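Visitor: The structure is given below, and queries will be raised subsequently.
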Amino acid sequence: MRIAYLDCASGISGDMTLGALVDAGVDLATLQAGIDSLGLPSCRLVASEVKKKGFRATQIVVEHEPEHAHRHLHHITEMIDRSTLTDRQKQLAGDIFLRLAKAEAKVHGSTIEKVHFHEVGAVDSIADIVGAAIGWDLLGVDRVVASPIPTGTGFIEIAHGRCAIPAPATAELLAGVPLADFAPEGELTTPTGAAIVTTLTSEFGPVPAMTIETIGLGAGQKDFDHANVLRLLVGETAGAATGVETDKIVLLETNLDDTPGEQIGHCVDALWQAGAVDVSLTPLQMKKNRPGVLLAVQCPQDKADVLESIVFRETTTLGLRRQLVERRILPRRQIELETPLGTIQGMVAQLPDGAERFSAEYESCRQAAEQSGAKLADVYAAAATAYAAQSKD
């Protein structure tokens, strides 16, 4: 699997992202052609090699005619829709701007339709975001991981006046994202950079197991006492040879000893319906010899808050344990088998050694058993036989 790691040691901005992509091998002329199709006034990407505290990096500057336009989301969306970008590039650019619009609307108590883009509606920010969308599409990665994000400290001047770092929209965009304990004076992460990184990935942590093929360094415009660069590592996951994939999910756990069984059952049903990856109940012996259960919920990172609220609402718990855990996943595919007892659906998983393992789906087997009048065990056996015969063909 092709993977990219964003090392945001000095934060992230739109121009730093463009610089890292070009430095990693993305063709600048292709980025320029895509941006030209937006119809922006005389917008040109200029790349140069610079040194940041002794480290070489590529710096991208967006040159354009002066303008004073404050755009709404629909203005930018129309630009993107009219462009020559591919469907995937349009989708990614639109997703980044939509994320920005939601953050700005929440900060200003408005709606995504009414909110004005100020700094991020300017030509240079549009070029940064659309260029990043084109670049990531051309990079062709399957998975993106990023380091914890530093924001910097102090104050900046924005269209709405003086505000503390991180800027309000930046802070909103980084909600739920681990922030790095690195606080030099100045803005390290901009709203544009925060929107890009949070759209590209929901995984944050150390460099994953990978074989590095390319390294790109994108320089920021400002100079600090440290190297103001964004490092992009591109390569293959270490598990690519065996086919095992890795991702990160949230594990929610709580011990229950005073919640009625009916309520626990209802909670479990609600968790499944809300998108849990797995829900389990384990018997416990709790204080004062009371019997209890351990409720454990596995879920995607973007659903953790919703599932957490369900547990608090439907049980008597006063607290939850919440942690980000790594999960190793076998590649799998759905299949359908014709058997004498009916059509059976199942899952085929590929093991690390290349062998395959078949599992019949219970619901499909149950329906076949009811319709045929056969024993459930016989249906499972028929499905296994059909799979074995198919595998030999």
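FYI, nothing fancy with the structure tokens labels: chains A, B, ... in order, residues from 1 per chain, ligands from 1 as they appear.
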Taking a cut-off of 8 Å and counting only C-alpha atoms, can you build a table that, for each residue of region 104-215 of chain A near region 34-42 of chain A, reports the nearest atom pair and how far apart they are in Å (one decimal), sorted by chain then residue number, as JSON lines?

Guide:
{"residue": "A:Val123", "atom": "CA", "partner": "A:Leu40", "partner_atom": "CA", "distance": 6.9}
{"residue": "A:Ala127", "atom": "CA", "partner": "A:Ile35", "partner_atom": "CA", "distance": 6.3}
{"residue": "A:Val130", "atom": "CA", "partner": "A:Ile35", "partner_atom": "CA", "distance": 6.9}
{"residue": "A:Gly131", "atom": "CA", "partner": "A:Ile35", "partner_atom": "CA", "distance": 6.7}
{"residue": "A:Ile134", "atom": "CA", "partner": "A:Gly34", "partner_atom": "CA", "distance": 7.4}

Visitor: Neighbouring residues of region 91-103 of chain A were defined as those with any atom within 8 Å, considering only C-alpha atoms; residues of the same chain fewer than 5 positions away were excluded. Please report them as a ChimeraX atom specification.

Guide: /A:73,77,80,111-112,115,117,129-130,132-133,169,172-173,191-192,195-196,199

Visitor: Run DSSP on the backbone of this structure and report the residues of region 75-306 of chain A it assigns to strand (DSSP E or B), as number ranges by chain.

Guide: A: 117, 143-146, 149, 152-153, 155-158, 161-164, 179, 185-187, 203-204, 210-219, 229-237, 245-256, 278-285, 291-299

Visitor: If I take CA of Val244 (chain A) and CA of Glu363 (chain A), how far is one from the other in Å, to one decimal?

Guide: 26.9 Å

Visitor: So how many Å separate CA of Val177 (chain A) and CA of Leu318 (chain A), to one decimal?

Guide: 24.1 Å

Visitor: Quick one: pick out all alpha helix (DSSP H) residues within region 156-296 of chain A from a backbone DSSP run and write them as a PyMOL selection string.

Guide: chain A and resi 168-173+191-200+261-273

Visitor: Nearest to Gly25 (chain A): which of A:Ile212, A:Leu139, A:Val306, A:Ala389 is it, counting only C-alpha atoms?

Guide: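 Counting only C-alpha atoms, the residue closest to Gly25 (chain A) is A:Leu139.
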
Visitor: May I have the residues within 10 Å of region 282-293 of chain A as a list in words, using only C-alpha atoms and disregarding those fewer than 4 positions away in the same chain?

Guide: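 That gives Thr254, Asn255, Leu256, Asp257, Asp258, Thr259, Gly261 and Ile264 of chain A.
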
Visitor: Store the residues picked out above, limited to C-alpha atoms, as an mmCIF file, in the first residue's frame.

Guide:
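Output file result35.cif follows:
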data_model
loop_
_atom_site.group_PDB
_atom_site.id
_atom_site.type_symbol
_atom_site.label_atom_id
_atom_site.label_comp_id
_atom_site.auth_asym_id
_atom_site.auth_seq_id
_atom_site.Cartn_x
_atom_site.Cartn_y
_atom_site.Cartn_z
ATOM 1 C CA THR A 254 -16.675 1.560 30.748
ATOM 2 C CA ASN A 255 -17.584 -0.738 33.664
ATOM 3 C CA LEU A 256 -21.303 -0.987 34.465
ATOM 4 C CA ASP A 257 -22.739 -2.459 37.667
ATOM 5 C CA ASP A 258 -25.987 -0.544 38.165
ATOM 6 C CA THR A 259 -27.472 -0.339 34.667
ATOM 7 C CA GLY A 261 -29.868 -5.306 31.415
ATOM 8 C CA ILE A 264 -27.530 -2.165 28.225
#

Visitor: For region 4-16 of chain A, work out the shell of residues within 7 Å, counting only C-alpha atoms and skipping chain neighbours fewer than 3 positions away, then give it as an MDAnalysis selection string.

Guide: chainID A and resid 19:20 60 125 128:129 141 143:147 149:151 188:190 192:194 207 218:220 228:235

Visitor: Go ahead and save the picked residues with C-alpha atoms, as a CSV table (one decimal), in the first residue's frame.

Guide:
chain,number,residue,atom,x,y,z
A,19,GLY,CA,6.3,23.1,-1.7
A,20,ALA,CA,6.5,19.6,-0.1
A,60,ILE,CA,6.2,28.1,-3.5
A,125,SER,CA,-5.3,30.5,-0.6
A,128,ASP,CA,-2.9,26.6,-2.4
A,129,ILE,CA,-6.0,24.4,-1.7
A,141,VAL,CA,-1.3,7.5,-2.1
A,143,ARG,CA,-3.3,6.3,3.1
A,144,VAL,CA,-2.1,9.5,4.8
A,145,VAL,CA,-0.8,9.8,8.4
A,146,ALA,CA,0.3,13.0,10.1
A,147,SER,CA,2.3,13.9,13.1
A,149,ILE,CA,0.2,19.5,14.9
A,150,PRO,CA,1.9,22.5,16.6
A,151,THR,CA,0.0,25.8,16.3
A,188,LEU,CA,2.8,27.8,12.6
A,189,THR,CA,-0.5,26.3,11.4
A,190,THR,CA,-2.9,28.3,9.3
A,192,THR,CA,-5.7,26.5,5.1
A,193,GLY,CA,-3.1,24.1,6.4
A,194,ALA,CA,-5.4,22.8,9.1
A,207,VAL,CA,5.9,7.6,11.5
A,218,GLY,CA,8.2,22.4,1.7
A,219,ALA,CA,9.3,25.8,3.2
A,220,GLY,CA,7.1,28.3,5.0
A,228,ASN,CA,10.3,26.2,9.2
A,229,VAL,CA,9.6,23.3,6.8
A,230,LEU,CA,7.0,20.6,6.3
A,231,ARG,CA,8.4,17.2,5.5
A,232,LEU,CA,6.5,14.7,3.4
A,233,LEU,CA,7.6,11.1,3.4
A,234,VAL,CA,6.1,8.9,0.6
A,235,GLY,CA,6.6,5.1,0.3

Visitor: Compile the contact shell of Ala369 (chain A) as a list in words: residues with an atom at most 9 Å away, counting only C-alpha atoms, same-chain residues fewer than 4 positions apart removed.

Guide: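 After dropping sequence-adjacent residues, the list is Leu341, Gly342, Ser364, Cys365, Gly373, Ala374, Lys375, Leu376, Ala377, Asp378 and Val379 of chain A.
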
Visitor: For a test of reading the model, state the distance in Å between CA of Ala164 (chain A) and CA of Glu63 (chain A), rounded to one decimal.

Guide: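 Taking CA of Ala164 (chain A) as the start and CA of Glu63 (chain A) as the end point, the length is 28.1 Å.
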
Visitor: Smallest atom-to-atom distance to Gln32 (chain A): which of A:Ala183, A:Leu18, A:Val325, A:Val107, using only C-alpha atoms?

Guide: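 Looking only at the distances to Gln32 (chain A), the closest residue turns out to be A:Leu18.
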